[in-house]
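Colleague: To be precise about what I am sending: the file is called protein.pdb and holds PDB, N, CA and C atoms.
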```
ATOM      1  N   MET A   1      17.400  18.897 -13.486
ATOM      2  CA  MET A   1      16.882  18.543 -12.191
ATOM      3  C   MET A   1      15.767  17.502 -12.367
ATOM      4  N   GLU A   2      15.844  16.434 -11.578
ATOM      5  CA  GLU A   2      14.851  15.371 -11.640
ATOM      6  C   GLU A   2      13.618  15.755 -10.819
ATOM      7  N   ARG A   3      12.439  15.542 -11.398
ATOM      8  CA  ARG A   3      11.190  15.823 -10.691
ATOM      9  C   ARG A   3      10.636  14.523 -10.136
ATOM     10  N   LYS A   4      10.193  14.575  -8.910
ATOM     11  CA  LYS A   4       9.588  13.410  -8.278
ATOM     12  C   LYS A   4       8.221  13.787  -7.756
ATOM     13  N   GLN A   5       7.298  12.831  -7.834
ATOM     14  CA  GLN A   5       5.990  13.045  -7.246
ATOM     15  C   GLN A   5       6.048  12.663  -5.780
ATOM     16  N   ALA A   6       5.263  13.352  -4.981
ATOM     17  CA  ALA A   6       5.204  13.042  -3.558
ATOM     18  C   ALA A   6       3.767  13.168  -3.080
ATOM     19  N   ALA A   7       3.402  12.314  -2.163
ATOM     20  CA  ALA A   7       2.093  12.410  -1.516
ATOM     21  C   ALA A   7       2.305  13.047  -0.153
ATOM     22  N   VAL A   8       1.489  14.009   0.176
ATOM     23  CA  VAL A   8       1.605  14.712   1.445
ATOM     24  C   VAL A   8       0.324  14.495   2.231
ATOM     25  N   LEU A   9       0.473  14.150   3.491
ATOM     26  CA  LEU A   9      -0.673  13.952   4.357
ATOM     27  C   LEU A   9      -0.480  14.823   5.589
ATOM     28  N   PHE A  10      -1.429  15.697   5.854
ATOM     29  CA  PHE A  10      -1.359  16.548   7.028
ATOM     30  C   PHE A  10      -2.057  15.844   8.175
ATOM     31  N   SER A  11      -1.328  15.574   9.254
ATOM     32  CA  SER A  11      -1.915  14.843  10.371
ATOM     33  C   SER A  11      -2.435  15.761  11.463
ATOM     34  N   ASP A  12      -2.141  17.035  11.385
ATOM     35  CA  ASP A  12      -2.623  17.973  12.394
ATOM     36  C   ASP A  12      -2.748  19.344  11.754
ATOM     37  N   ILE A  13      -3.804  20.023  12.087
ATOM     38  CA  ILE A  13      -4.000  21.379  11.572
ATOM     39  C   ILE A  13      -3.972  22.326  12.759
ATOM     40  N   CYS A  14      -2.768  22.748  13.135
ATOM     41  CA  CYS A  14      -2.582  23.734  14.205
ATOM     42  C   CYS A  14      -3.343  23.384  15.475
ATOM     43  N   GLY A  15      -3.303  22.118  15.875
ATOM     44  CA  GLY A  15      -3.987  21.728  17.099
ATOM     45  C   GLY A  15      -5.470  22.031  17.054
ATOM     46  N   SER A  16      -6.088  21.784  15.905
ATOM     47  CA  SER A  16      -7.469  22.205  15.675
ATOM     48  C   SER A  16      -8.481  21.526  16.583
ATOM     49  N   THR A  17      -8.167  20.392  17.121
ATOM     50  CA  THR A  17      -9.088  19.730  18.027
ATOM     51  C   THR A  17      -8.318  19.196  19.223
ATOM     52  N   SER A  18      -9.023  18.912  20.270
ATOM     53  CA  SER A  18      -8.340  18.374  21.457
ATOM     54  C   SER A  18      -7.734  17.007  21.166
ATOM     55  N   TYR A  19      -8.378  16.230  20.264
ATOM     56  CA  TYR A  19      -7.801  14.935  19.899
ATOM     57  C   TYR A  19      -6.414  15.135  19.304
ATOM     58  N   PHE A  20      -6.301  16.036  18.330
ATOM     59  CA  PHE A  20      -5.003  16.233  17.689
ATOM     60  C   PHE A  20      -3.991  16.860  18.620
ATOM     61  N   GLU A  21      -4.460  17.644  19.581
ATOM     62  CA  GLU A  21      -3.521  18.188  20.553
ATOM     63  C   GLU A  21      -2.881  17.064  21.355
ATOM     64  N   LYS A  22      -3.638  15.988  21.588
ATOM     65  CA  LYS A  22      -3.131  14.855  22.373
ATOM     66  C   LYS A  22      -2.531  13.748  21.517
ATOM     67  N   HIS A  23      -3.118  13.488  20.331
ATOM     68  CA  HIS A  23      -2.757  12.285  19.576
ATOM     69  C   HIS A  23      -2.266  12.519  18.153
ATOM     70  N   GLY A  24      -2.485  13.675  17.604
ATOM     71  CA  GLY A  24      -2.166  13.922  16.202
ATOM     72  C   GLY A  24      -0.718  13.664  15.852
ATOM     73  N   GLU A  25       0.166  14.113  16.685
ATOM     74  CA  GLU A  25       1.580  13.910  16.404
ATOM     75  C   GLU A  25       1.984  12.449  16.564
ATOM     76  N   VAL A  26       1.279  11.726  17.404
ATOM     77  CA  VAL A  26       1.560  10.302  17.549
ATOM     78  C   VAL A  26       1.261   9.585  16.237
ATOM     79  N   ALA A  27       0.077   9.826  15.668
ATOM     80  CA  ALA A  27      -0.289   9.175  14.410
ATOM     81  C   ALA A  27       0.654   9.599  13.289
ATOM     82  N   GLY A  28       0.948  10.869  13.205
ATOM     83  CA  GLY A  28       1.865  11.347  12.171
ATOM     84  C   GLY A  28       3.243  10.724  12.314
ATOM     85  N   GLY A  29       3.714  10.648  13.541
ATOM     86  CA  GLY A  29       5.017  10.034  13.800
ATOM     87  C   GLY A  29       5.041   8.572  13.427
ATOM     88  N   LYS A  30       3.939   7.867  13.715
ATOM     89  CA  LYS A  30       3.856   6.457  13.337
ATOM     90  C   LYS A  30       3.940   6.304  11.824
ATOM     91  N   MET A  31       3.287   7.203  11.104
ATOM     92  CA  MET A  31       3.320   7.137   9.640
ATOM     93  C   MET A  31       4.738   7.323   9.132
ATOM     94  N   VAL A  32       5.415   8.331   9.668
ATOM     95  CA  VAL A  32       6.778   8.634   9.220
ATOM     96  C   VAL A  32       7.718   7.479   9.533
ATOM     97  N   ARG A  33       7.580   6.897  10.726
ATOM     98  CA  ARG A  33       8.462   5.796  11.139
ATOM     99  C   ARG A  33       8.079   4.464  10.519
ATOM    100  N   GLY A  34       6.879   4.374   9.952
ATOM    101  CA  GLY A  34       6.418   3.092   9.417
ATOM    102  C   GLY A  34       6.017   2.134  10.521
ATOM    103  N   ASP A  35       5.636   2.680  11.668
ATOM    104  CA  ASP A  35       5.195   1.875  12.817
ATOM    105  C   ASP A  35       3.692   1.712  12.739
ATOM    106  N   PHE A  36       3.243   0.560  12.293
ATOM    107  CA  PHE A  36       1.816   0.327  12.122
ATOM    108  C   PHE A  36       1.284  -0.686  13.135
ATOM    109  N   SER A  37       1.976  -0.767  14.299
ATOM    110  CA  SER A  37       1.464  -1.637  15.361
ATOM    111  C   SER A  37       0.083  -1.119  15.757
ATOM    112  N   PRO A  38      -0.882  -2.031  15.869
ATOM    113  CA  PRO A  38      -2.270  -1.599  15.994
ATOM    114  C   PRO A  38      -2.626  -0.943  17.324
ATOM    115  N   GLU A  39      -3.271   0.189  17.207
ATOM    116  CA  GLU A  39      -3.973   0.831  18.312
ATOM    117  C   GLU A  39      -5.452   0.858  17.936
ATOM    118  N   GLY A  40      -5.733   1.224  16.711
ATOM    119  CA  GLY A  40      -7.058   1.137  16.113
ATOM    120  C   GLY A  40      -6.843   0.514  14.743
ATOM    121  N   ARG A  41      -7.463  -0.598  14.470
ATOM    122  CA  ARG A  41      -7.177  -1.352  13.246
ATOM    123  C   ARG A  41      -7.942  -0.844  12.030
ATOM    124  N   VAL A  42      -7.300  -1.002  10.874
ATOM    125  CA  VAL A  42      -7.907  -0.627   9.592
ATOM    126  C   VAL A  42      -9.286  -1.270   9.446
ATOM    127  N   LYS A  43      -9.397  -2.564   9.734
ATOM    128  CA  LYS A  43     -10.664  -3.270   9.532
ATOM    129  C   LYS A  43     -11.773  -2.724  10.428
ATOM    130  N   GLN A  44     -11.423  -2.282  11.640
ATOM    131  CA  GLN A  44     -12.430  -1.722  12.542
ATOM    132  C   GLN A  44     -12.927  -0.369  12.041
ATOM    133  N   THR A  45     -12.005   0.443  11.566
ATOM    134  CA  THR A  45     -12.384   1.755  11.054
ATOM    135  C   THR A  45     -13.206   1.618   9.785
ATOM    136  N   LEU A  46     -12.862   0.651   8.943
ATOM    137  CA  LEU A  46     -13.637   0.412   7.736
ATOM    138  C   LEU A  46     -15.064  -0.006   8.091
ATOM    139  N   LYS A  47     -15.216  -0.880   9.090
ATOM    140  CA  LYS A  47     -16.549  -1.293   9.542
ATOM    141  C   LYS A  47     -17.345  -0.065   9.987
ATOM    142  N   ASP A  48     -16.726   0.800  10.777
ATOM    143  CA  ASP A  48     -17.405   2.008  11.252
ATOM    144  C   ASP A  48     -17.771   2.932  10.097
ATOM    145  N   ALA A  49     -16.868   3.056   9.145
ATOM    146  CA  ALA A  49     -17.144   3.908   7.976
ATOM    147  C   ALA A  49     -18.346   3.382   7.209
ATOM    148  N   HIS A  50     -18.422   2.057   7.037
ATOM    149  CA  HIS A  50     -19.561   1.472   6.330
ATOM    150  C   HIS A  50     -20.868   1.691   7.095
ATOM    151  N   LEU A  51     -20.817   1.587   8.416
ATOM    152  CA  LEU A  51     -22.014   1.844   9.216
ATOM    153  C   LEU A  51     -22.506   3.279   9.013
ATOM    154  N   MET A  52     -21.573   4.227   9.027
ATOM    155  CA  MET A  52     -21.941   5.639   8.826
ATOM    156  C   MET A  52     -22.457   5.881   7.415
ATOM    157  N   LEU A  53     -21.792   5.287   6.427
ATOM    158  CA  LEU A  53     -22.237   5.463   5.041
ATOM    159  C   LEU A  53     -23.631   4.866   4.824
ATOM    160  N   ASP A  54     -23.876   3.714   5.440
ATOM    161  CA  ASP A  54     -25.195   3.090   5.316
ATOM    162  C   ASP A  54     -26.284   3.956   5.937
ATOM    163  N   GLN A  55     -26.013   4.515   7.100
ATOM    164  CA  GLN A  55     -26.989   5.386   7.755
ATOM    165  C   GLN A  55     -27.231   6.652   6.937
ATOM    166  N   ALA A  56     -26.170   7.215   6.398
ATOM    167  CA  ALA A  56     -26.316   8.420   5.575
ATOM    168  C   ALA A  56     -27.157   8.113   4.335
ATOM    169  N   LYS A  57     -26.877   6.987   3.712
ATOM    170  CA  LYS A  57     -27.629   6.595   2.513
ATOM    171  C   LYS A  57     -29.116   6.429   2.837
ATOM    172  N   ALA A  58     -29.405   5.880   4.014
ATOM    173  CA  ALA A  58     -30.792   5.636   4.413
ATOM    174  C   ALA A  58     -31.602   6.925   4.527
ATOM    175  N   VAL A  59     -30.920   8.039   4.791
ATOM    176  CA  VAL A  59     -31.629   9.325   4.905
ATOM    177  C   VAL A  59     -31.336  10.237   3.716
ATOM    178  N   GLY A  60     -30.727   9.667   2.673
ATOM    179  CA  GLY A  60     -30.480  10.431   1.455
ATOM    180  C   GLY A  60     -29.324  11.402   1.528
ATOM    181  N   GLN A  61     -28.400  11.152   2.439
ATOM    182  CA  GLN A  61     -27.244  12.037   2.623
ATOM    183  C   GLN A  61     -26.012  11.427   1.958
ATOM    184  N   THR A  62     -25.219  12.238   1.320
ATOM    185  CA  THR A  62     -23.959  11.792   0.728
ATOM    186  C   THR A  62     -22.806  12.288   1.595
ATOM    187  N   LEU A  63     -21.909  11.386   1.923
ATOM    188  CA  LEU A  63     -20.724  11.723   2.717
ATOM    189  C   LEU A  63     -19.491  11.446   1.861
ATOM    190  N   SER A  64     -19.192  12.362   0.969
ATOM    191  CA  SER A  64     -18.156  12.154  -0.044
ATOM    192  C   SER A  64     -16.779  11.893   0.539
ATOM    193  N   VAL A  65     -16.385  12.668   1.530
ATOM    194  CA  VAL A  65     -15.048  12.500   2.106
ATOM    195  C   VAL A  65     -14.952  11.157   2.826
ATOM    196  N   LEU A  66     -16.006  10.784   3.535
ATOM    197  CA  LEU A  66     -16.004   9.482   4.207
ATOM    198  C   LEU A  66     -15.943   8.348   3.190
ATOM    199  N   GLN A  67     -16.574   8.513   2.043
ATOM    200  CA  GLN A  67     -16.508   7.481   1.004
ATOM    201  C   GLN A  67     -15.079   7.324   0.493
ATOM    202  N   VAL A  68     -14.374   8.424   0.316
ATOM    203  CA  VAL A  68     -12.967   8.351  -0.101
ATOM    204  C   VAL A  68     -12.153   7.628   0.962
ATOM    205  N   HIS A  69     -12.394   7.969   2.229
ATOM    206  CA  HIS A  69     -11.678   7.317   3.321
ATOM    207  C   HIS A  69     -11.957   5.808   3.306
ATOM    208  N   ALA A  70     -13.226   5.433   3.121
ATOM    209  CA  ALA A  70     -13.580   4.011   3.049
ATOM    210  C   ALA A  70     -12.879   3.337   1.872
ATOM    211  N   ASP A  71     -12.800   4.012   0.738
ATOM    212  CA  ASP A  71     -12.104   3.450  -0.428
ATOM    213  C   ASP A  71     -10.634   3.189  -0.118
ATOM    214  N   VAL A  72     -10.006   4.119   0.581
ATOM    215  CA  VAL A  72      -8.593   3.950   0.962
ATOM    216  C   VAL A  72      -8.458   2.780   1.934
ATOM    217  N   LEU A  73      -9.343   2.710   2.910
ATOM    218  CA  LEU A  73      -9.305   1.602   3.868
ATOM    219  C   LEU A  73      -9.536   0.263   3.174
ATOM    220  N   GLU A  74     -10.475   0.214   2.229
ATOM    221  CA  GLU A  74     -10.733  -1.026   1.483
ATOM    222  C   GLU A  74      -9.495  -1.452   0.702
ATOM    223  N   ALA A  75      -8.792  -0.503   0.128
ATOM    224  CA  ALA A  75      -7.560  -0.823  -0.594
ATOM    225  C   ALA A  75      -6.509  -1.388   0.357
ATOM    226  N   CYS A  76      -6.449  -0.847   1.567
ATOM    227  CA  CYS A  76      -5.516  -1.376   2.569
ATOM    228  C   CYS A  76      -5.865  -2.825   2.916
ATOM    229  N   VAL A  77      -7.152  -3.103   3.100
ATOM    230  CA  VAL A  77      -7.586  -4.469   3.404
ATOM    231  C   VAL A  77      -7.178  -5.403   2.268
ATOM    232  N   LYS A  78      -7.418  -4.992   1.021
ATOM    233  CA  LYS A  78      -7.054  -5.825  -0.136
ATOM    234  C   LYS A  78      -5.549  -6.049  -0.216
ATOM    235  N   ALA A  79      -4.772  -5.099   0.323
ATOM    236  CA  ALA A  79      -3.308  -5.230   0.319
ATOM    237  C   ALA A  79      -2.806  -6.026   1.522
ATOM    238  N   GLY A  80      -3.734  -6.594   2.305
ATOM    239  CA  GLY A  80      -3.331  -7.413   3.449
ATOM    240  C   GLY A  80      -3.023  -6.621   4.706
ATOM    241  N   GLU A  81      -3.542  -5.410   4.811
ATOM    242  CA  GLU A  81      -3.204  -4.522   5.925
ATOM    243  C   GLU A  81      -4.352  -4.326   6.920
ATOM    244  N   ALA A  82      -5.334  -5.218   6.911
ATOM    245  CA  ALA A  82      -6.534  -5.071   7.746
ATOM    246  C   ALA A  82      -6.234  -5.025   9.232
ATOM    247  N   GLU A  83      -5.216  -5.733   9.663
ATOM    248  CA  GLU A  83      -4.901  -5.819  11.090
ATOM    249  C   GLU A  83      -3.944  -4.719  11.561
ATOM    250  N   LEU A  84      -3.464  -3.898  10.632
ATOM    251  CA  LEU A  84      -2.529  -2.837  11.005
ATOM    252  C   LEU A  84      -3.263  -1.643  11.590
ATOM    253  N   ASP A  85      -2.497  -0.771  12.215
ATOM    254  CA  ASP A  85      -3.023   0.474  12.769
ATOM    255  C   ASP A  85      -3.567   1.350  11.649
ATOM    256  N   ASN A  86      -4.521   2.207  11.989
ATOM    257  CA  ASN A  86      -5.104   3.125  11.009
ATOM    258  C   ASN A  86      -4.069   4.006  10.312
ATOM    259  N   SER A  87      -2.959   4.244  10.960
ATOM    260  CA  SER A  87      -1.920   5.062  10.325
ATOM    261  C   SER A  87      -1.367   4.390   9.069
ATOM    262  N   ALA A  88      -1.678   3.116   8.869
ATOM    263  CA  ALA A  88      -1.238   2.396   7.665
ATOM    264  C   ALA A  88      -1.883   2.949   6.399
ATOM    265  N   ILE A  89      -2.874   3.838   6.528
ATOM    266  CA  ILE A  89      -3.459   4.434   5.321
ATOM    267  C   ILE A  89      -2.404   5.178   4.511
ATOM    268  N   ILE A  90      -1.324   5.581   5.175
ATOM    269  CA  ILE A  90      -0.249   6.270   4.443
ATOM    270  C   ILE A  90       0.327   5.350   3.373
ATOM    271  N   LYS A  91       0.281   4.040   3.594
ATOM    272  CA  LYS A  91       0.784   3.105   2.586
ATOM    273  C   LYS A  91      -0.042   3.211   1.304
ATOM    274  N   GLU A  92      -1.362   3.304   1.453
ATOM    275  CA  GLU A  92      -2.212   3.419   0.265
ATOM    276  C   GLU A  92      -2.054   4.807  -0.373
ATOM    277  N   VAL A  93      -1.907   5.823   0.442
ATOM    278  CA  VAL A  93      -1.667   7.171  -0.100
ATOM    279  C   VAL A  93      -0.407   7.139  -0.949
ATOM    280  N   ARG A  94       0.632   6.491  -0.464
ATOM    281  CA  ARG A  94       1.897   6.389  -1.210
ATOM    282  C   ARG A  94       1.706   5.560  -2.489
ATOM    283  N   ARG A  95       0.946   4.462  -2.388
ATOM    284  CA  ARG A  95       0.713   3.639  -3.584
ATOM    285  C   ARG A  95      -0.007   4.464  -4.655
ATOM    286  N   ARG A  96      -0.970   5.249  -4.250
ATOM    287  CA  ARG A  96      -1.718   6.063  -5.214
ATOM    288  C   ARG A  96      -0.871   7.187  -5.786
ATOM    289  N   GLY A  97       0.135   7.610  -5.041
ATOM    290  CA  GLY A  97       0.998   8.685  -5.517
ATOM    291  C   GLY A  97       2.092   8.221  -6.443
ATOM    292  N   SER A  98       2.253   6.908  -6.558
ATOM    293  CA  SER A  98       3.336   6.354  -7.407
ATOM    294  C   SER A  98       3.008   6.462  -8.868
TER
END
```
Is it possible to express this structure as structure tokens?
Modeller:
Amino acid sequence: MERKQAAVLFSDICGSTSYFEKHGEVAGGKMVRGDFSPEGRVKQTLKDAHLMLDQAKAVGQTLSVLQVHADVLEACVKAGEAELDNSAIIKEVRRRGS
């Protein structure tokens, strides 16, 4: 039997927030279909992530998960995906899983 690696991304955790109750399946569906038409762009989210990281740093706070997210977004920008929808992060998740 051939073994293959796979990257798994959970887009909703049992309707854990009102956002995911309304939008979680939309983002997940876009990832599965490869539909990265922009609703919220990678470059905009990266800008916001940097603003939050800068503010956290200014008060001595570390936001480890946000830093990972920013790293993934930066990789997307370097791959020419800055103008795509945020769901395009699945492309970088897949690249890292290869």
Colleague: Quick one: which residues end up in the PyMOL selection byres ((chain A and resi 40) around 5) for this structure, as a VMD selection string?
Modeller: chain A and resid 38 to 39 41 to 42 85 to 86
Colleague: Just N, CA and C atoms for this one: save the residues we selected as a JSON list (two decimals), in the coordinates of the input.
Modeller:
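What landed in result31.json:
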```
[["chain", "number", "residue", "atom", "x", "y", "z"],
["A", 38, "PRO", "N", -0.88, -2.03, 15.87],
["A", 38, "PRO", "CA", -2.27, -1.60, 15.99],
["A", 38, "PRO", "C", -2.63, -0.94, 17.32],
["A", 39, "GLU", "N", -3.27, 0.19, 17.21],
["A", 39, "GLU", "CA", -3.97, 0.83, 18.31],
["A", 39, "GLU", "C", -5.45, 0.86, 17.94],
["A", 41, "ARG", "N", -7.46, -0.60, 14.47],
["A", 41, "ARG", "CA", -7.18, -1.35, 13.25],
["A", 41, "ARG", "C", -7.94, -0.84, 12.03],
["A", 42, "VAL", "N", -7.30, -1.00, 10.87],
["A", 42, "VAL", "CA", -7.91, -0.63, 9.59],
["A", 42, "VAL", "C", -9.29, -1.27, 9.45],
["A", 85, "ASP", "N", -2.50, -0.77, 12.22],
["A", 85, "ASP", "CA", -3.02, 0.47, 12.77],
["A", 85, "ASP", "C", -3.57, 1.35, 11.65],
["A", 86, "ASN", "N", -4.52, 2.21, 11.99],
["A", 86, "ASN", "CA", -5.10, 3.12, 11.01],
["A", 86, "ASN", "C", -4.07, 4.01, 10.31]]
```
Colleague: On this file, the PyMOL selection byres (((chain A and resi 77 and name CA) around 12) and name CA) gives some set of residues; write that set as an mmCIF file with N, CA and C atoms, in the coordinates of the input.
Modeller:
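For reference, part00.cif as written:
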```
data_model
loop_
_atom_site.group_PDB
_atom_site.id
_atom_site.type_symbol
_atom_site.label_atom_id
_atom_site.label_comp_id
_atom_site.auth_asym_id
_atom_site.auth_seq_id
_atom_site.Cartn_x
_atom_site.Cartn_y
_atom_site.Cartn_z
ATOM 1 N N ARG A 41 -7.463 -0.598 14.470
ATOM 2 C CA ARG A 41 -7.177 -1.352 13.246
ATOM 3 C C ARG A 41 -7.942 -0.844 12.030
ATOM 4 N N VAL A 42 -7.300 -1.002 10.874
ATOM 5 C CA VAL A 42 -7.907 -0.627 9.592
ATOM 6 C C VAL A 42 -9.286 -1.270 9.446
ATOM 7 N N LYS A 43 -9.397 -2.564 9.734
ATOM 8 C CA LYS A 43 -10.664 -3.270 9.532
ATOM 9 C C LYS A 43 -11.773 -2.724 10.428
ATOM 10 N N GLN A 44 -11.423 -2.282 11.640
ATOM 11 C CA GLN A 44 -12.430 -1.722 12.542
ATOM 12 C C GLN A 44 -12.927 -0.369 12.041
ATOM 13 N N THR A 45 -12.005 0.443 11.566
ATOM 14 C CA THR A 45 -12.384 1.755 11.054
ATOM 15 C C THR A 45 -13.206 1.618 9.785
ATOM 16 N N LEU A 46 -12.862 0.651 8.943
ATOM 17 C CA LEU A 46 -13.637 0.412 7.736
ATOM 18 C C LEU A 46 -15.064 -0.006 8.091
ATOM 19 N N LYS A 47 -15.216 -0.880 9.090
ATOM 20 C CA LYS A 47 -16.549 -1.293 9.542
ATOM 21 C C LYS A 47 -17.345 -0.065 9.987
ATOM 22 N N ALA A 70 -13.226 5.433 3.121
ATOM 23 C CA ALA A 70 -13.580 4.011 3.049
ATOM 24 C C ALA A 70 -12.879 3.337 1.872
ATOM 25 N N ASP A 71 -12.800 4.012 0.738
ATOM 26 C CA ASP A 71 -12.104 3.450 -0.428
ATOM 27 C C ASP A 71 -10.634 3.189 -0.118
ATOM 28 N N VAL A 72 -10.006 4.119 0.581
ATOM 29 C CA VAL A 72 -8.593 3.950 0.962
ATOM 30 C C VAL A 72 -8.458 2.780 1.934
ATOM 31 N N LEU A 73 -9.343 2.710 2.910
ATOM 32 C CA LEU A 73 -9.305 1.602 3.868
ATOM 33 C C LEU A 73 -9.536 0.263 3.174
ATOM 34 N N GLU A 74 -10.475 0.214 2.229
ATOM 35 C CA GLU A 74 -10.733 -1.026 1.483
ATOM 36 C C GLU A 74 -9.495 -1.452 0.702
ATOM 37 N N ALA A 75 -8.792 -0.503 0.128
ATOM 38 C CA ALA A 75 -7.560 -0.823 -0.594
ATOM 39 C C ALA A 75 -6.509 -1.388 0.357
ATOM 40 N N CYS A 76 -6.449 -0.847 1.567
ATOM 41 C CA CYS A 76 -5.516 -1.376 2.569
ATOM 42 C C CYS A 76 -5.865 -2.825 2.916
ATOM 43 N N LYS A 78 -7.418 -4.992 1.021
ATOM 44 C CA LYS A 78 -7.054 -5.825 -0.136
ATOM 45 C C LYS A 78 -5.549 -6.049 -0.216
ATOM 46 N N ALA A 79 -4.772 -5.099 0.323
ATOM 47 C CA ALA A 79 -3.308 -5.230 0.319
ATOM 48 C C ALA A 79 -2.806 -6.026 1.522
ATOM 49 N N GLY A 80 -3.734 -6.594 2.305
ATOM 50 C CA GLY A 80 -3.331 -7.413 3.449
ATOM 51 C C GLY A 80 -3.023 -6.621 4.706
ATOM 52 N N GLU A 81 -3.542 -5.410 4.811
ATOM 53 C CA GLU A 81 -3.204 -4.522 5.925
ATOM 54 C C GLU A 81 -4.352 -4.326 6.920
ATOM 55 N N ALA A 82 -5.334 -5.218 6.911
ATOM 56 C CA ALA A 82 -6.534 -5.071 7.746
ATOM 57 C C ALA A 82 -6.234 -5.025 9.232
ATOM 58 N N GLU A 83 -5.216 -5.733 9.663
ATOM 59 C CA GLU A 83 -4.901 -5.819 11.090
ATOM 60 C C GLU A 83 -3.944 -4.719 11.561
ATOM 61 N N LEU A 84 -3.464 -3.898 10.632
ATOM 62 C CA LEU A 84 -2.529 -2.837 11.005
ATOM 63 C C LEU A 84 -3.263 -1.643 11.590
ATOM 64 N N ASP A 85 -2.497 -0.771 12.215
ATOM 65 C CA ASP A 85 -3.023 0.474 12.769
ATOM 66 C C ASP A 85 -3.567 1.350 11.649
ATOM 67 N N ASN A 86 -4.521 2.207 11.989
ATOM 68 C CA ASN A 86 -5.104 3.125 11.009
ATOM 69 C C ASN A 86 -4.069 4.006 10.312
ATOM 70 N N ALA A 88 -1.678 3.116 8.869
ATOM 71 C CA ALA A 88 -1.238 2.396 7.665
ATOM 72 C C ALA A 88 -1.883 2.949 6.399
ATOM 73 N N ILE A 89 -2.874 3.838 6.528
ATOM 74 C CA ILE A 89 -3.459 4.434 5.321
ATOM 75 C C ILE A 89 -2.404 5.178 4.511
ATOM 76 N N LYS A 91 0.281 4.040 3.594
ATOM 77 C CA LYS A 91 0.784 3.105 2.586
ATOM 78 C C LYS A 91 -0.042 3.211 1.304
ATOM 79 N N GLU A 92 -1.362 3.304 1.453
ATOM 80 C CA GLU A 92 -2.212 3.419 0.265
ATOM 81 C C GLU A 92 -2.054 4.807 -0.373
#
```
Colleague: Could you state the separation of atom N of A:Ser37 and atom CA of A:Leu63 in Å, given to one decimal place?
Modeller: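 Interatomic distance, atom N of A:Ser37 to atom CA of A:Leu63: 28.4 Å.
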Colleague: Using only N, CA and C atoms, which residue out of A:Gln55, A:Gln67, A:Ser87, A:Thr62 lies closest to A:Lys30?
Modeller: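 Using only N, CA and C atoms, the shortest distance to A:Lys30 belongs to A:Ser87.
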Colleague: So how far away is atom CA of A:Met31 from atom CA of A:Asp48, in Å?
Modeller: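 About the pair atom CA of A:Asp48 and atom CA of A:Met31: they are 21.4 Å apart.
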Colleague: For the atom pair atom C of A:His69 and atom N of A:Gly28, what is the interatomic distance in Å to one decimal place?
Modeller: 17.0 Å
Colleague: Between A:Arg94, A:Val32, A:Leu53, A:Val26, which one has atoms that come closest to A:Val68, using only C-alpha atoms?
Modeller: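 Looking only at the distances to A:Val68, the closest residue turns out to be A:Leu53.
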